[in-house]
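Undergrad: Before we start, here is the structure in question, set down as structure tokens.
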There are 4 protein chains.
Amino acid sequence: MRLLDRFRRGELRLTRIEALSDGVFAIILTLLVLELKVPALKDHASVGELLHHLYEALPKFVSWLISFAILCKFWLNHHHILGLARHANYTMVWLNAIFLLGQSFIPFPTALAGEYPTNPLAVSFFGIVFAINTLLFLALHAYIVRHLIKPELVTLQDPHGLIKGLVGPLSYLAALAWVSVHAAFVVYALTPLCETE
Amino acid sequence: MRLLDRFRRGELRLTRIEALSDGVFAIILTLLVLELKVPALKDHASVGELLHHLYEALPKFVSWLISFAILCKFWLNHHHILGLARHANYTMVWLNAIFLLGQSFIPFPTALAGEYPTNPLAVSFFGIVFAINTLLFLALHAYIVRHLIKPELVTLQDPHGLIKGLVGPLSYLAALAWVSVHAAFVVYALTPLCETE
Amino acid sequence: MRLLDRFRRGELRLTRIEALSDGVFAIILTLLVLELKVPALKDHASVGELLHHLYEALPKFVSWLISFAILCKFWLNHHHILGLARHANYTMVWLNAIFLLGQSFIPFPTALAGEYPTNPLAVSFFGIVFAINTLLFLALHAYIVRHLIKPELVTLQDPHGLIKGLVGPLSYLAALAWVSVHAAFVVYALTPLCETE
Amino acid sequence: MRLLDRFRRGELRLTRIEALSDGVFAIILTLLVLELKVPALKDHASVGELLHHLYEALPKFVSWLISFAILCKFWLNHHHILGLARHANYTMVWLNAIFLLGQSFIPFPTALAGEYPTNPLAVSFFGIVFAINTLLFLALHAYIVRHLIKPELVTLQDPHGLIKGLVGPLSYLAALAWVSVHAAFVVYALTPLCETE
């Protein structure tokens, strides 16, 4: 009983939480490339045919690049906020698990938007998933800042953090309203730059 | 010889066992999403057709969510019991390996139940696999508590741990008896919550 | 220049070599399950049809189990010999990389033997790959023992280690000579037990 | 604000950057084998048919081997240069992310060159990807040497490092000019050896 109490009061080691999270991030980053499939060529030695297939797969390369950039941004932010915590507790582990659930879902909308770049639902779905991921991240962030922050960092916290954090979801959602599929892609690609710090 | 003796007496580093286990957990959590395949659309730009396919894939999303939640629960419990051990030994490494074997099998029944949610065997199989995994976990737990527990934690151990641990397998197996496929899904989804002591 | 010298004299950190190796082991262990594919059922709700398909996939489950057990054995031995080294150097890193190359190949013969369990070449191939892996492991082991062993462990080394190490490859190769496919499977399954310690 | 400043001045922990990078390397190394598919045999027990299929898959084995060797070389060099840095900063994290992006792309050209070894575009593409990866690595290297190098290592840096580093991209690109597909494969295979230290 008392062991469980100690456990709740912060015996969960942050290092294993980081190890699990880094593992999940590393795998998602690398799995994304599995969506780039080797095309079936009629003439195996034909340069023109292969070039044509690679050109047709361009939306897949673009969605791969955007997801990779956004995932790196999430990893960096995740790295940042875990560094603020003085220890871990159960609630944080579950908020982190739900955040990783959202992250590990990303290969699916990436593949969908890469396969059907002209389908408004496929492209919106991509945006919605990233908006939800940002909200899950903000929940984890808010919890750490309120309950687990290292005492020496309390006064250093940026009071505008939450508002800036909403730039992400708002721009993902705005992209949906634009209807234009190309515009949406551009907004998605710009998001990691805008949010920087 | 004496080296091997020292080895058996606890030279196995817990950190590498944790690293391997975290790696396996991270990969399973992430691989689950590979079962969500991009549907083949006749009209690439059709929102209705894509929506229909996503709706049809709903059981896959549900089984993915349930497996993700249960895996996180296993990871958390695993994290907890490895923290109880003062060192590792050969028997523990093999019990841990067998536990990881059970965990790494999970994507298969998850895919099976997601693909054939109306098939009682597919759904029961899902429950049986989780019941076996819980038993493998309990074996590892019991071994650590009996043979490897840190001296300062001996008195802190919860005497009802084993009985509470059986809630999991019993509820998985009970779900089988219910025959109803929908009811079984609900029970599986509730298990990680119930066990959270 | 002098930096490179220092580098050669042992500046390579063992921790990153272990991290890479653990990552590779964790991924191979987990990827093996991807060979277990969800069968295509005509009647989605038919228990009998699914049972029949699962029964037919039995050789895949067996080859998965054998590979998992042998991989865990390799991981444990790898863990053991890296613990003997006082530091890493370039030669060791490359021997380790070649060993990991052999390990990461394992999913292919596992899938082959699981798909064609009655094909003598498929089953022999499985044995040959494990024999080669054991030889790659012995090369890494011998190099560490001769060049990198911690001074305090020199006298503790088991002089019969190399000879015992050959039990593995010899039994894998013996299995080939037996011609009988079932006998070979049994020998493969027994090897990790025989070699224990 | 000040927190962000501290963050920029070096609060990013190198260990998590290494953990993410090691994870990405480990996964790429292991994913490469997924391109080796189990062939479809008409006669499941036929040794001759399987031998024929394995022989036909030879280019895939060769491209797998070459990519594995080059990836290990990149990992070793990456390990080396991260060891030079006294801490991490935002720019380095992003240069590292772009480098990992390039690395995680490698399974695609590897599969392409293995599938179409007689297609000059497929083989050149393989070379171009490795040339770009080497340039991304040199960018990361140059940044660390200029901005983040540990004070005690400044005088030890090899002034010819950059020039030697260009051997790689030049030989990859030279291979393209050779037109001959076989010659290109040989050059790719030799590169990791030439570059050694």
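Labels for the structure tokens follow display order: chains A, B, ..., residues from 1 in each chain, ligands from 1.
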Given a cut-off of 7 Å, which residues of chain A touch chain B, counting only C-alpha atoms, written out as a list in words?

TA: Met1, Arg2, Leu3, Ala19, Leu20, Gly23, Val24, Ile27, Ile28, Ala97, Ser104, Phe105, Phe108, Ala111, Leu112, Tyr116, Thr118, Asn119, Pro120 and Leu121 of chain A

Undergrad: For each of D:His53, D:Arg13, D:His78, D:Lys42, take the minimum atom-to-atom distance to Thr134 of chain D, counting only C-alpha atoms, then give the residue where this is smallest.

TA: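 Closest candidate: D:His78.
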
Undergrad: Using Å and a single decimal, report how far atom CA of Gln103 of chain A sits from atom CA of Ile17 of chain B.

TA: 25.4 Å

Undergrad: What's the separation between atom CA of Ala189 of chain A and atom CA of Ile66 of chain A, in Å to one decimal place?

TA: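 Value for the atom CA of Ala189 of chain A-atom CA of Ile66 of chain A distance: 5.4 Å.
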
Undergrad: So that I can see what lies close to segment 135-149 of chain A, please list as a list of chain:residue names the residues with an atom at most 7 Å from it, counting only C-alpha atoms and leaving out residues fewer than 3 positions away in the same chain.

TA: A:Ile81, A:Leu84, A:Ala85, A:Arg86, A:His87, A:Met92, A:Leu95, A:Asn96, A:Phe99, A:Ala131, A:Ile132, A:Leu153, A:Val154

Undergrad: Using only C-alpha atoms, find the one residue out of C:Thr91, C:Tyr188, C:Leu54, C:Lys60 that sits nearest to Phe125 of chain C.

TA: C:Tyr188

Undergrad: If DSSP is run on the backbone, what residues of segment 5-154 of chain D are alpha helix (DSSP H)? A reply as a PDB file with C-alpha atoms, in the first residue's frame would be ideal.

TA:
ATOM      1  CA  ASP D   5      17.061  31.252 -23.662  1.00  0.00           C
ATOM      2  CA  ARG D   6      18.605  28.632 -21.427  1.00  0.00           C
ATOM      3  CA  LEU D  14      22.514  15.034 -26.107  1.00  0.00           C
ATOM      4  CA  THR D  15      21.447  11.687 -24.659  1.00  0.00           C
ATOM      5  CA  ARG D  16      17.900  11.953 -25.976  1.00  0.00           C
ATOM      6  CA  ILE D  17      19.168  13.051 -29.393  1.00  0.00           C
ATOM      7  CA  GLU D  18      21.432  10.003 -29.448  1.00  0.00           C
ATOM      8  CA  ALA D  19      18.581   7.768 -28.282  1.00  0.00           C
ATOM      9  CA  LEU D  20      16.314   9.003 -31.081  1.00  0.00           C
ATOM     10  CA  SER D  21      19.093   8.666 -33.664  1.00  0.00           C
ATOM     11  CA  ASP D  22      20.073   5.179 -32.492  1.00  0.00           C
ATOM     12  CA  GLY D  23      16.433   4.161 -32.645  1.00  0.00           C
ATOM     13  CA  VAL D  24      16.097   5.450 -36.201  1.00  0.00           C
ATOM     14  CA  PHE D  25      19.328   3.712 -37.293  1.00  0.00           C
ATOM     15  CA  ALA D  26      18.334   0.427 -35.625  1.00  0.00           C
ATOM     16  CA  ILE D  27      14.944   0.467 -37.337  1.00  0.00           C
ATOM     17  CA  ILE D  28      16.294   1.304 -40.793  1.00  0.00           C
ATOM     18  CA  LEU D  29      18.938  -1.436 -40.501  1.00  0.00           C
ATOM     19  CA  THR D  30      16.238  -3.936 -39.614  1.00  0.00           C
ATOM     20  CA  LEU D  31      13.515  -2.753 -42.014  1.00  0.00           C
ATOM     21  CA  VAL D  47      14.184 -27.360 -53.992  1.00  0.00           C
ATOM     22  CA  GLY D  48      14.988 -26.394 -57.573  1.00  0.00           C
ATOM     23  CA  GLU D  49      12.176 -23.851 -57.823  1.00  0.00           C
ATOM     24  CA  LEU D  50      13.117 -22.214 -54.521  1.00  0.00           C
ATOM     25  CA  LEU D  51      16.801 -22.136 -55.519  1.00  0.00           C
ATOM     26  CA  HIS D  52      15.857 -20.447 -58.775  1.00  0.00           C
ATOM     27  CA  HIS D  53      13.789 -17.809 -56.936  1.00  0.00           C
ATOM     28  CA  LEU D  54      16.576 -17.154 -54.430  1.00  0.00           C
ATOM     29  CA  TYR D  55      19.055 -16.785 -57.306  1.00  0.00           C
ATOM     30  CA  GLU D  56      16.741 -14.306 -59.031  1.00  0.00           C
ATOM     31  CA  LEU D  58      20.333 -11.947 -55.740  1.00  0.00           C
ATOM     32  CA  PRO D  59      20.294  -8.201 -56.622  1.00  0.00           C
ATOM     33  CA  LYS D  60      18.039  -7.634 -53.622  1.00  0.00           C
ATOM     34  CA  PHE D  61      20.524  -9.369 -51.329  1.00  0.00           C
ATOM     35  CA  VAL D  62      23.352  -7.295 -52.821  1.00  0.00           C
ATOM     36  CA  SER D  63      21.547  -3.952 -52.439  1.00  0.00           C
ATOM     37  CA  TRP D  64      20.559  -4.978 -48.888  1.00  0.00           C
ATOM     38  CA  LEU D  65      24.196  -5.739 -48.026  1.00  0.00           C
ATOM     39  CA  ILE D  66      25.486  -2.470 -49.518  1.00  0.00           C
ATOM     40  CA  SER D  67      22.870  -0.360 -47.749  1.00  0.00           C
ATOM     41  CA  PHE D  68      23.542  -2.132 -44.478  1.00  0.00           C
ATOM     42  CA  ALA D  69      27.283  -1.481 -44.726  1.00  0.00           C
ATOM     43  CA  ILE D  70      26.831   2.190 -45.674  1.00  0.00           C
ATOM     44  CA  LEU D  71      24.274   2.714 -42.891  1.00  0.00           C
ATOM     45  CA  CYS D  72      26.685   1.236 -40.332  1.00  0.00           C
ATOM     46  CA  LYS D  73      29.346   3.607 -41.627  1.00  0.00           C
ATOM     47  CA  PHE D  74      26.959   6.555 -41.223  1.00  0.00           C
ATOM     48  CA  TRP D  75      26.045   5.389 -37.729  1.00  0.00           C
ATOM     49  CA  LEU D  76      29.727   5.163 -36.781  1.00  0.00           C
ATOM     50  CA  ASN D  77      30.476   8.628 -38.155  1.00  0.00           C
ATOM     51  CA  HIS D  78      27.377  10.039 -36.462  1.00  0.00           C
ATOM     52  CA  HIS D  79      28.482   8.469 -33.194  1.00  0.00           C
ATOM     53  CA  HIS D  80      31.882  10.116 -33.716  1.00  0.00           C
ATOM     54  CA  ILE D  81      30.660  13.656 -34.362  1.00  0.00           C
ATOM     55  CA  LEU D  82      28.056  13.686 -31.597  1.00  0.00           C
ATOM     56  CA  TYR D  90      18.121  23.940 -31.761  1.00  0.00           C
ATOM     57  CA  THR D  91      20.023  24.312 -35.018  1.00  0.00           C
ATOM     58  CA  MET D  92      21.922  21.092 -34.399  1.00  0.00           C
ATOM     59  CA  VAL D  93      18.700  19.237 -33.552  1.00  0.00           C
ATOM     60  CA  TRP D  94      17.168  20.318 -36.850  1.00  0.00           C
ATOM     61  CA  LEU D  95      20.311  19.515 -38.866  1.00  0.00           C
ATOM     62  CA  ASN D  96      20.264  16.130 -37.160  1.00  0.00           C
ATOM     63  CA  ALA D  97      16.557  15.700 -37.983  1.00  0.00           C
ATOM     64  CA  ILE D  98      17.185  16.474 -41.650  1.00  0.00           C
ATOM     65  CA  PHE D  99      20.067  13.995 -41.634  1.00  0.00           C
ATOM     66  CA  LEU D 100      17.774  11.343 -40.114  1.00  0.00           C
ATOM     67  CA  LEU D 101      15.155  12.184 -42.744  1.00  0.00           C
ATOM     68  CA  GLY D 102      17.718  11.350 -45.409  1.00  0.00           C
ATOM     69  CA  GLN D 103      18.727   8.152 -43.612  1.00  0.00           C
ATOM     70  CA  SER D 104      15.162   6.969 -43.132  1.00  0.00           C
ATOM     71  CA  PHE D 105      14.556   7.370 -46.875  1.00  0.00           C
ATOM     72  CA  PRO D 107      14.948   1.669 -47.673  1.00  0.00           C
ATOM     73  CA  PHE D 108      13.114   3.072 -50.712  1.00  0.00           C
ATOM     74  CA  PRO D 109      16.093   3.421 -53.145  1.00  0.00           C
ATOM     75  CA  THR D 110      17.479   0.149 -51.759  1.00  0.00           C
ATOM     76  CA  ALA D 111      14.261  -1.649 -52.691  1.00  0.00           C
ATOM     77  CA  LEU D 112      14.141   0.130 -56.059  1.00  0.00           C
ATOM     78  CA  ALA D 113      17.713  -0.820 -57.026  1.00  0.00           C
ATOM     79  CA  GLY D 114      17.174  -4.369 -55.760  1.00  0.00           C
ATOM     80  CA  GLU D 115      13.980  -4.759 -57.813  1.00  0.00           C
ATOM     81  CA  PRO D 120      20.018   2.972 -64.865  1.00  0.00           C
ATOM     82  CA  LEU D 121      17.634   5.410 -63.153  1.00  0.00           C
ATOM     83  CA  ALA D 122      16.979   3.023 -60.243  1.00  0.00           C
ATOM     84  CA  VAL D 123      20.717   2.464 -59.737  1.00  0.00           C
ATOM     85  CA  SER D 124      21.599   6.167 -60.127  1.00  0.00           C
ATOM     86  CA  PHE D 125      18.826   7.090 -57.711  1.00  0.00           C
ATOM     87  CA  PHE D 126      20.486   4.829 -55.144  1.00  0.00           C
ATOM     88  CA  GLY D 127      23.776   6.705 -55.644  1.00  0.00           C
ATOM     89  CA  ILE D 128      22.151  10.147 -55.564  1.00  0.00           C
ATOM     90  CA  VAL D 129      20.387   9.383 -52.285  1.00  0.00           C
ATOM     91  CA  PHE D 130      23.664   8.323 -50.669  1.00  0.00           C
ATOM     92  CA  ALA D 131      25.445  11.405 -52.055  1.00  0.00           C
ATOM     93  CA  ILE D 132      22.743  13.674 -50.575  1.00  0.00           C
ATOM     94  CA  ASN D 133      22.966  11.815 -47.277  1.00  0.00           C
ATOM     95  CA  THR D 134      26.705  12.376 -47.171  1.00  0.00           C
ATOM     96  CA  LEU D 135      26.177  16.096 -47.802  1.00  0.00           C
ATOM     97  CA  LEU D 136      23.587  16.256 -45.000  1.00  0.00           C
ATOM     98  CA  PHE D 137      26.095  14.532 -42.750  1.00  0.00           C
ATOM     99  CA  LEU D 138      28.838  16.990 -43.697  1.00  0.00           C
ATOM    100  CA  ALA D 139      26.505  19.896 -42.880  1.00  0.00           C
ATOM    101  CA  LEU D 140      25.861  18.483 -39.416  1.00  0.00           C
ATOM    102  CA  HIS D 141      29.579  17.779 -38.966  1.00  0.00           C
ATOM    103  CA  ALA D 142      30.628  21.275 -40.036  1.00  0.00           C
ATOM    104  CA  TYR D 143      28.067  22.889 -37.729  1.00  0.00           C
TER     105      TYR D 143
END
